[in-house]
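Structure first, commentary second.
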Amino acid sequence: MLDRFKNFFETKEAAPSADGGHTPDEFHLAAATLLVYAATADAEFDTRERARIEWLCEHRFELAHDEANALIQAAEREVDESVQLLGYTRTIKDGFSYDERVHLMEMLWEVVYADEIVEAHETQLMRRVAGLIYVNDRDSGIARSRVRARLEAENLSPECSS
């Protein structure tokens with residue numbers, strides 16, 4: 001799997017799946033790059049944001065710890081070398097279902113909320129990404145609300161803090 005991650009970032013494309021849709025690796029790579037991009041939007045990629053991305057990669061993508069770290073490192077390099085979101089958002093817009101795109105918006109909001117400070121430029125970035133991946137404002141807002149509710153519930157319940 002690590003070789004596939006490396007290959008994707010070197011060639012900027014993943015091998016198509018047998019049914020012509022996206023591969024799980026393609027989703028993981030495009031999503032991880034956007035997650036890192038969102039985390040670095042405020043010019044600070046702190047340990048809470050990195051931990052949230054790591055958790056998302058391990059639990060939502062079902063990756064082993066080493067695979068998640070390799071994916072995050074590759075995404076960090078990609079963000080450092082690229083100034084445009086368009087390639088990643090196009091991959092997501094063209095290859096993923098609407099529900100998958102809404103799910104990605106939810107993951108992005110989790111990263112934005114990881115440092116407990118939502119700055120204006122982060123909110124602007126989220127609106128921009130939602131528009132580029134064709135998620136309407138209503139569904140992006142619902143995704144944001146779900147994340148806020150979930151994070152508030154985690155903070156109120158000591159046994160849920162992980």
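If you're wondering about the labels, chains in the structure tokens are A, B, ... by order shown, residues count from 1 in each chain, ligands from 1 in order shown.
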
For stretch 140-146 of chain A, find every residue with an atom within 7 Å (counting only C-alpha atoms), except residues of its own chain fewer than 4 positions away, and show them as a PDB file with C-alpha atoms, in the first residue's frame.
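The result, written out as part-v6.pdb:
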```
ATOM      1  CA  VAL A 102     -20.249  15.435   2.077  1.00  0.00           C
ATOM      2  CA  MET A 105     -16.496  17.956   4.204  1.00  0.00           C
ATOM      3  CA  GLU A 106     -17.268  16.517   7.618  1.00  0.00           C
ATOM      4  CA  TRP A 109     -14.459  20.335   9.549  1.00  0.00           C
ATOM      5  CA  ALA A 130     -17.311  22.850  -0.813  1.00  0.00           C
ATOM      6  CA  VAL A 135     -21.273  20.225  -2.079  1.00  0.00           C
ATOM      7  CA  ASN A 136     -24.056  22.712  -1.517  1.00  0.00           C
ATOM      8  CA  ARG A 150     -19.966  15.296  18.097  1.00  0.00           C
TER       9      ARG A 150
END
```

Excluding A:Ala41 and residues on its chain fewer than 2 positions from it, collect all residues at most 10 Å away from it, counting only C-alpha atoms, and give them as a ChimeraX atom specification. /A:35-39,43-45,112,119,121-123,125

Store the residues picked out above, limited to N, CA and C atoms, as a tab-separated table (two decimals), in the first residue's frame.
```
chain	number	residue	atom	x	y	z
A	35	LEU	N	-7.07	17.39	3.78
A	35	LEU	CA	-7.06	17.49	5.25
A	35	LEU	C	-5.81	18.24	5.72
A	36	VAL	N	-4.66	17.91	5.16
A	36	VAL	CA	-3.43	18.60	5.53
A	36	VAL	C	-3.51	20.06	5.08
A	37	TYR	N	-4.05	20.30	3.92
A	37	TYR	CA	-4.20	21.67	3.42
A	37	TYR	C	-5.06	22.48	4.39
A	38	ALA	N	-6.17	21.89	4.85
A	38	ALA	CA	-7.04	22.58	5.81
A	38	ALA	C	-6.31	22.84	7.12
A	39	ALA	N	-5.51	21.88	7.56
A	39	ALA	CA	-4.77	22.03	8.81
A	39	ALA	C	-3.72	23.12	8.72
A	43	ALA	N	-1.43	28.54	8.83
A	43	ALA	CA	0.03	28.57	8.89
A	43	ALA	C	0.59	27.87	10.12
A	44	GLU	N	-0.25	27.15	10.85
A	44	GLU	CA	0.20	26.38	12.00
A	44	GLU	C	-0.39	24.99	11.92
A	45	PHE	N	0.45	24.00	11.81
A	45	PHE	CA	0.01	22.60	11.77
A	45	PHE	C	0.40	22.01	13.12
A	112	VAL	N	-10.47	21.35	10.99
A	112	VAL	CA	-10.56	22.78	11.28
A	112	VAL	C	-10.84	23.00	12.77
A	119	GLU	N	-10.82	30.17	12.42
A	119	GLU	CA	-10.52	31.51	11.94
A	119	GLU	C	-11.27	31.78	10.64
A	121	HIS	N	-10.36	32.79	7.72
A	121	HIS	CA	-9.80	32.24	6.48
A	121	HIS	C	-10.03	30.72	6.39
A	122	GLU	N	-10.16	30.04	7.54
A	122	GLU	CA	-10.47	28.61	7.51
A	122	GLU	C	-11.91	28.40	7.05
A	123	THR	N	-12.81	29.24	7.53
A	123	THR	CA	-14.21	29.16	7.10
A	123	THR	C	-14.30	29.46	5.60
A	125	LEU	N	-11.93	28.97	3.39
A	125	LEU	CA	-11.38	27.81	2.70
A	125	LEU	C	-12.43	26.71	2.59
```

Which of chain A end up as alpha helix (DSSP H) when DSSP is run on this backbone - answer as a PyMOL selection string? chain A and resi 2-11+24-39+47-60+65-81+86-95+98-113+120-132+137-156

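In this structure, atom CA of A:Gln124 sits 16.3 Å away from atom CA of A:Leu104.
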
Using only C-alpha atoms, determine which residues lie at most 12 Å from A:Gly87, disregarding the query and same-chain residues fewer than 3 positions distant; provide the list as a list in words. Phe9, Lys12, Glu13, Leu29, Ala30, Ala31, Thr33, Leu34, Glu78, Val79, Ser82, Val83, Gln84, Arg90, Thr91, Ile92, Lys93, Asp94, Val129, Leu132 and Ile133 of chain A

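Picture a line from atom CA of A:Tyr134 to atom CA of A:Asp80; it runs 25.1 Å.
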
Could you check the closest approach to A:Ala74 for each of A:Arg101, A:His28, A:Arg48, A:Arg60 and tell me which residue wins, using only C-alpha atoms?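 Looking only at the distances to A:Ala74, the closest residue turns out to be A:His28.
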
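The two atoms in question, atom CA of A:Ala32 and atom CA of A:Ile72, are spaced 6.5 Å apart.
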
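Nearest to A:Glu100 of all the residues A:Arg77, A:Asp139, A:Thr47, A:Asp42 is A:Asp139, based on only C-alpha atoms.
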
Please list as a list in words every residue within 8 Å of A:Glu54, counting only C-alpha atoms and excluding residues in the same chain fewer than 6 positions away.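 Skipping anything fewer than 6 positions along the chain leaves His65, Ala68, Asn69 and Ile72 of chain A.
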
Write a file of the just-selected residues containing C-alpha atoms, as a PDB file, in the first residue's frame.
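File written: selection09.pdb
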```
ATOM      1  CA  HIS A  65      -0.808   3.379  12.089  1.00  0.00           C
ATOM      2  CA  ALA A  68      -1.674   6.499   8.093  1.00  0.00           C
ATOM      3  CA  ASN A  69       1.627   8.187   8.945  1.00  0.00           C
ATOM      4  CA  ILE A  72       0.099  12.036   6.031  1.00  0.00           C
TER       5      ILE A  72
END
```
